[in-house]
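Content type mmCIF, C-alpha atoms, from the file query_18.cif:
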data_model
#
loop_
_atom_site.label_atom_id
_atom_site.label_comp_id
_atom_site.auth_asym_id
_atom_site.auth_seq_id
_atom_site.Cartn_x
_atom_site.Cartn_y
_atom_site.Cartn_z
CA MET C 1 14.93 179.60 -123.35
CA GLN C 2 12.17 179.06 -120.81
CA PHE C 3 12.05 181.13 -117.65
CA PRO C 4 10.30 179.92 -114.50
CA THR C 5 6.82 181.35 -114.16
CA ALA C 6 5.23 182.68 -110.98
CA SER C 7 3.25 179.44 -110.78
CA ASP C 8 6.46 177.36 -110.98
CA SER C 9 8.10 179.46 -108.28
CA TYR C 10 5.09 179.14 -106.00
CA ARG C 11 4.97 175.38 -106.53
CA ARG C 12 8.66 175.04 -105.73
CA PHE C 13 8.22 177.21 -102.64
CA GLN C 14 5.46 174.87 -101.45
CA GLU C 15 7.71 171.86 -102.02
CA MET C 16 10.57 173.44 -100.06
CA THR C 17 8.21 174.37 -97.22
CA ARG C 18 6.87 170.82 -97.09
CA GLU C 19 10.40 169.40 -97.07
CA TYR C 20 11.50 171.91 -94.42
CA SER C 21 8.54 170.99 -92.20
CA ARG C 22 9.73 167.38 -92.02
CA PHE C 23 12.58 168.53 -89.78
CA SER C 24 10.06 169.57 -87.14
CA ARG C 25 8.95 165.98 -86.67
CA SER C 26 9.89 162.98 -88.82
CA ALA C 27 13.36 163.91 -90.12
CA GLY C 28 15.89 163.78 -87.31
CA GLY C 29 19.16 164.56 -89.06
CA MET C 30 21.96 164.94 -86.53
CA SER C 31 19.64 164.06 -83.63
CA ALA C 32 18.94 160.71 -85.30
CA ILE C 33 22.68 160.15 -85.74
CA ALA C 34 23.22 161.00 -82.06
CA GLY C 35 20.41 158.64 -81.04
CA GLY C 36 21.86 155.77 -83.05
CA VAL C 37 25.35 156.32 -81.66
CA ALA C 38 23.95 156.61 -78.12
CA CYS C 39 22.03 153.36 -78.57
CA LEU C 40 25.11 151.50 -79.83
CA ALA C 41 27.28 152.91 -77.04
CA SER C 42 24.69 152.10 -74.37
CA PHE C 43 24.17 148.58 -75.67
CA LEU C 44 27.87 147.73 -76.00
CA ALA C 45 28.83 149.34 -72.70
CA GLY C 46 26.06 147.54 -70.86
CA ALA C 47 26.87 144.20 -72.45
CA LEU C 48 30.67 144.33 -72.20
CA LEU C 49 31.52 146.39 -69.11
CA PRO C 50 30.92 145.66 -65.43
CA ALA C 51 27.86 147.43 -64.05
CA THR C 52 29.70 149.91 -61.85
CA MET C 53 27.96 152.87 -60.25
CA GLU C 54 29.58 155.21 -62.79
CA LEU C 55 28.41 153.14 -65.75
CA ARG C 56 24.88 152.87 -64.40
CA ALA C 57 24.73 156.65 -63.87
CA ALA C 58 25.90 157.18 -67.46
CA LEU C 59 23.28 154.77 -68.83
CA ILE C 60 20.57 156.59 -66.90
CA ALA C 61 21.76 159.98 -68.19
CA VAL C 62 22.06 158.97 -71.87
CA PRO C 63 18.34 159.07 -72.82
CA VAL C 64 17.85 162.37 -70.96
CA LEU C 65 20.77 163.96 -72.81
CA TRP C 66 19.62 162.60 -76.16
CA LEU C 67 16.02 163.80 -75.81
CA THR C 68 17.20 167.22 -74.64
CA GLY C 69 19.67 167.53 -77.51
CA LYS C 70 17.04 166.30 -79.94
CA GLN C 71 14.68 169.14 -79.06
CA TRP C 72 17.49 171.69 -79.11
CA LEU C 73 18.50 170.67 -82.63
CA VAL C 74 14.92 170.90 -83.87
CA HIS C 75 14.32 174.40 -82.54
CA ARG C 76 17.79 175.94 -82.85
CA TYR C 77 19.15 174.34 -86.01
CA TYR C 78 16.66 172.56 -88.27
CA GLN C 79 13.85 175.09 -87.69
CA ARG C 80 15.97 178.22 -87.35
CA PHE C 81 14.39 179.79 -90.44
CA GLY C 82 11.00 179.71 -88.72
CA GLN C 83 8.77 177.12 -87.10
CA VAL C 84 6.81 175.06 -89.64
CA GLU C 85 4.92 172.04 -88.31
CA GLU C 86 4.80 168.92 -90.45
CA GLN C 87 1.31 167.78 -91.40
CA VAL C 88 0.71 164.26 -90.07
CA THR C 89 -0.98 161.81 -92.41
CA PRO C 90 -3.73 159.48 -91.15
CA ALA C 91 -1.40 156.48 -91.57
CA GLU C 92 1.33 158.16 -89.52
CA ARG C 93 -1.19 159.13 -86.85
CA ASN C 94 -2.43 155.54 -86.63
CA PHE C 95 1.13 154.21 -86.32
CA GLN C 96 1.85 156.72 -83.56
CA ARG C 97 -1.28 155.73 -81.69
CA ALA C 98 -0.31 152.07 -82.00
CA PHE C 99 3.16 152.82 -80.57
CA ILE C 100 1.62 154.72 -77.65
CA ALA C 101 -1.04 152.10 -76.92
CA PHE C 102 1.44 149.23 -77.06
CA THR C 103 3.92 151.04 -74.81
CA ALA C 104 1.21 152.06 -72.34
CA LEU C 105 -0.04 148.47 -72.10
CA ILE C 106 3.42 146.99 -71.51
CA SER C 107 4.31 149.75 -69.03
CA ALA C 108 1.10 149.19 -67.07
CA LEU C 109 1.71 145.44 -66.91
CA ILE C 110 5.31 145.92 -65.73
CA VAL C 111 4.38 148.53 -63.14
CA GLY C 112 1.54 146.36 -61.86
CA PHE C 113 3.79 143.32 -61.58
CA VAL C 114 6.53 145.23 -59.75
CA LEU C 115 4.01 146.72 -57.32
CA THR C 116 2.89 143.22 -56.34
CA ARG C 117 6.49 142.44 -55.36
CA LEU C 118 6.94 145.57 -53.21
CA GLN C 119 5.82 146.13 -49.65
CA PRO C 120 3.20 145.92 -48.22
CA VAL C 121 1.89 143.46 -50.84
CA GLY C 122 5.24 141.79 -51.46
CA SER C 123 8.49 141.47 -49.60
CA LEU C 124 10.80 143.83 -51.51
CA PRO C 125 11.50 147.24 -49.93
CA TRP C 126 10.79 150.61 -51.49
CA ASP C 127 14.26 151.96 -52.25
CA LEU C 128 15.95 154.10 -54.90
CA ARG C 129 16.33 151.13 -57.22
CA ALA C 130 12.61 150.31 -57.18
CA ILE C 131 11.48 153.94 -57.36
CA GLY C 132 13.84 154.78 -60.23
CA TYR C 133 12.81 151.71 -62.20
CA LEU C 134 9.10 152.42 -61.74
CA MET C 135 9.48 156.09 -62.65
CA VAL C 136 11.22 155.37 -65.94
CA VAL C 137 8.74 152.66 -66.92
CA ALA C 138 5.77 154.85 -65.96
CA VAL C 139 6.87 157.85 -68.06
CA LEU C 140 7.74 155.73 -71.10
CA PRO C 141 4.33 156.14 -72.84
CA LEU C 142 4.49 159.91 -72.33
CA ILE C 143 7.94 160.08 -73.92
CA VAL C 144 6.81 157.92 -76.86
CA TRP C 145 3.83 160.23 -77.40
CA ARG C 146 5.81 163.44 -77.16
CA TRP C 147 9.19 162.73 -78.77
CA LEU C 148 9.50 159.35 -80.53
CA ARG C 149 7.85 159.90 -83.89
CA THR C 150 9.25 157.24 -86.25
CA PRO C 151 9.59 153.44 -85.94
CA LEU C 152 13.40 153.64 -85.67
CA GLU C 153 13.24 156.40 -83.07
CA PHE C 154 10.70 154.30 -81.19
CA ILE C 155 12.97 151.25 -81.06
CA VAL C 156 16.09 153.22 -80.15
CA GLY C 157 14.36 155.49 -77.64
CA VAL C 158 12.56 152.64 -75.88
CA PHE C 159 15.81 150.71 -75.61
CA LEU C 160 17.67 153.67 -74.10
CA LEU C 161 14.92 154.19 -71.53
CA CYS C 162 14.64 150.49 -70.71
CA GLN C 163 18.42 150.35 -70.31
CA ALA C 164 18.15 153.30 -67.92
CA ALA C 165 15.37 151.57 -66.00
CA VAL C 166 17.29 148.33 -65.48
CA ALA C 167 20.44 150.34 -64.67
CA PHE C 168 18.59 151.61 -61.59
CA THR C 169 18.37 147.99 -60.40
CA GLY C 170 22.08 147.36 -60.97
CA GLN C 171 21.66 145.37 -64.19
CA THR C 172 22.14 145.93 -67.92
CA TYR C 173 21.07 144.23 -71.12
CA ALA C 174 23.33 141.46 -72.42
CA PHE C 175 23.95 140.05 -75.90
CA GLY C 176 21.21 137.70 -76.97
CA PRO C 177 18.64 136.84 -79.67
CA THR C 178 16.09 139.25 -78.16
CA THR C 179 18.46 142.23 -78.07
CA VAL C 180 20.09 141.97 -81.50
CA MET C 181 17.43 144.25 -83.01
CA PHE C 182 18.64 147.24 -80.96
CA PRO C 183 22.12 147.68 -82.49
CA LEU C 184 20.66 147.00 -85.94
CA ALA C 185 18.03 149.71 -85.41
CA ALA C 186 20.76 152.03 -84.12
CA ILE C 187 22.84 151.57 -87.27
CA ALA C 188 19.78 152.10 -89.46
CA LEU C 189 18.92 155.30 -87.57
CA VAL C 190 22.44 156.65 -88.11
CA VAL C 191 22.16 156.00 -91.85
CA VAL C 192 18.72 157.63 -92.07
CA GLY C 193 19.88 160.58 -89.97
CA TRP C 194 22.92 161.19 -92.18
CA ARG C 195 20.77 161.04 -95.31
CA ASP C 196 18.28 163.52 -93.83
CA HIS C 197 21.04 165.88 -92.74
CA LEU C 198 22.52 165.97 -96.24
CA ARG C 199 19.04 166.64 -97.57
CA PHE C 200 18.68 169.54 -95.14
CA LEU C 201 21.99 171.06 -96.26
CA ARG C 202 20.84 170.97 -99.88
CA LEU C 203 17.47 172.41 -98.91
CA GLN C 204 19.12 175.18 -96.90
CA THR C 205 21.22 176.22 -99.91
CA GLU C 206 18.19 176.20 -102.18
CA MET C 207 16.08 178.20 -99.72
CA ARG C 208 18.75 180.88 -99.40
CA ALA C 209 19.12 181.09 -103.18
CA PHE C 210 15.34 181.29 -103.57
CA VAL C 211 15.10 184.19 -101.11
CA ALA C 212 18.12 185.98 -102.61
CA THR C 213 16.60 185.98 -106.12
CA ARG C 214 13.44 187.61 -104.80
CA LYS C 215 14.98 190.52 -102.90
CA PRO C 216 13.67 193.85 -104.20
CA ILE C 217 16.09 195.95 -106.22
CA PRO C 218 16.86 199.25 -104.35
#

Would you put the structure from the file into structure tokens?
Amino acid sequence: MQFPTASDSYRRFQEMTREYSRFSRSAGGMSAIAGGVACLASFLAGALLPATMELRAALIAVPVLWLTGKQWLVHRYYQRFGQVEEQVTPAERNFQRAFIAFTALISALIVGFVLTRLQPVGSLPWDLRAIGYLMVVAVLPLIVWRWLRTPLEFIVGVFLLCQAAVAFTGQTYAFGPTTVMFPLAAIALVVVGWRDHLRFLRLQTEMRAFVATRKPIP
């Protein structure tokens, strides 16, 4: 019978630490599930229900609640054994920079266009609808940089924020060829989140067993 050596134990500890660190950044678990469900609910509600004041308020609140809950889950649940930051690969860093640059460019173009329609340049007044829309669009690149780390999170998060922005103007997104990607991304994010959560549960059990076997004998 072969017993694990100190080298094997150290190697396995490194693997568990690396896997655990993913839940600080790229593995969402329950927050990914919540984001996918929120995206589906926001999309269907906006497309099927009349844009009442109550619905618009809910659509504006959804991304705020999701991002807040996302951070809470990271710090209070998935990293409760200690904070371990995931090491970002060069490819992941380049993808993230591309997301940020693309979002910043689109946001700047939209903000610039809207400003040309508002007084004193244009004829539209500065009201809560215009201010709310501009604020959400303007902070979009910052949110992508700080909290949306994977392609699926990027698609879902950007949709939720864009839905909130147009909700300020009294509108919502409708069914169409250009919006079909959002519910598909939402479903994919739920599947990925569920898979990651199950992986975390297995990892949690293994980590506890690993620590228990190394407690000193009194």

Answer key for the PyMOL selection byres ((chain C and resi 158) around 12), residues as a compact mmCIF listing (two decimals) with C-alpha atoms, in the coordinates of the input:
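Generated output (result-v4.txt):
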# COMPACT_ATOMS: atom_id res chain seq x y z
CA GLY C 35 20.41 158.64 -81.04
CA CYS C 39 22.03 153.36 -78.57
CA PRO C 63 18.34 159.07 -72.82
CA LEU C 67 16.02 163.80 -75.81
CA PHE C 99 3.16 152.82 -80.57
CA ILE C 100 1.62 154.72 -77.65
CA PHE C 102 1.44 149.23 -77.06
CA THR C 103 3.92 151.04 -74.81
CA ALA C 104 1.21 152.06 -72.34
CA ILE C 106 3.42 146.99 -71.51
CA SER C 107 4.31 149.75 -69.03
CA VAL C 136 11.22 155.37 -65.94
CA VAL C 137 8.74 152.66 -66.92
CA VAL C 139 6.87 157.85 -68.06
CA LEU C 140 7.74 155.73 -71.10
CA PRO C 141 4.33 156.14 -72.84
CA LEU C 142 4.49 159.91 -72.33
CA ILE C 143 7.94 160.08 -73.92
CA VAL C 144 6.81 157.92 -76.86
CA TRP C 145 3.83 160.23 -77.40
CA TRP C 147 9.19 162.73 -78.77
CA LEU C 148 9.50 159.35 -80.53
CA ARG C 149 7.85 159.90 -83.89
CA THR C 150 9.25 157.24 -86.25
CA PRO C 151 9.59 153.44 -85.94
CA LEU C 152 13.40 153.64 -85.67
CA GLU C 153 13.24 156.40 -83.07
CA PHE C 154 10.70 154.30 -81.19
CA ILE C 155 12.97 151.25 -81.06
CA VAL C 156 16.09 153.22 -80.15
CA GLY C 157 14.36 155.49 -77.64
CA PHE C 159 15.81 150.71 -75.61
CA LEU C 160 17.67 153.67 -74.10
CA LEU C 161 14.92 154.19 -71.53
CA CYS C 162 14.64 150.49 -70.71
CA GLN C 163 18.42 150.35 -70.31
CA ALA C 164 18.15 153.30 -67.92
CA ALA C 165 15.37 151.57 -66.00
CA PHE C 182 18.64 147.24 -80.96
CA ALA C 185 18.03 149.71 -85.41
CA ALA C 186 20.76 152.03 -84.12

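The space between atom CA of C:Phe210 and atom CA of C:Tyr77 spans 19.3 Å.
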
Find the residue from C:Phe23, C:Phe43, C:Ser9, C:Met53 that sits nearest to C:Met181; use all atoms listed in the file when measuring. C:Phe43

Under the rule that all atoms listed in the file are counted, which of C:Arg93, C:Arg117, C:Arg129, C:His75 is the nearest residue to C:Ser21? C:His75

Gap from atom CA of C:Phe175 to atom CA of C:Ala45 - Å, one decimal: 11.0 Å

One-decimal distance in Å that lies between atom CA of C:Thr178 and atom CA of C:Leu128: 27.6 Å

Output check: residues returned by the PyMOL selection byres ((chain C and resi 189-196) around 9), as a list of chain:residue names: C:Phe23, C:Ala27, C:Gly28, C:Gly29, C:Met30, C:Ser31, C:Ala32, C:Ile33, C:Ala34, C:Gly35, C:Gly36, C:Val37, C:Leu152, C:Glu153, C:Val156, C:Leu184, C:Ala185, C:Ala186, C:Ile187, C:Ala188, C:His197, C:Leu198, C:Arg199, C:Phe200, C:Leu201

Put the listed atoms of stretch 141-157 of chain C in a box along x, y and z with 3 Å added on every side and give me the centre and edge lengths in Å to one decimal, as AutoDock Vina command-line options.
--center_x 10.0 --center_y 157.3 --center_z -79.3 --size_x 18.3 --size_y 18.2 --size_z 19.9
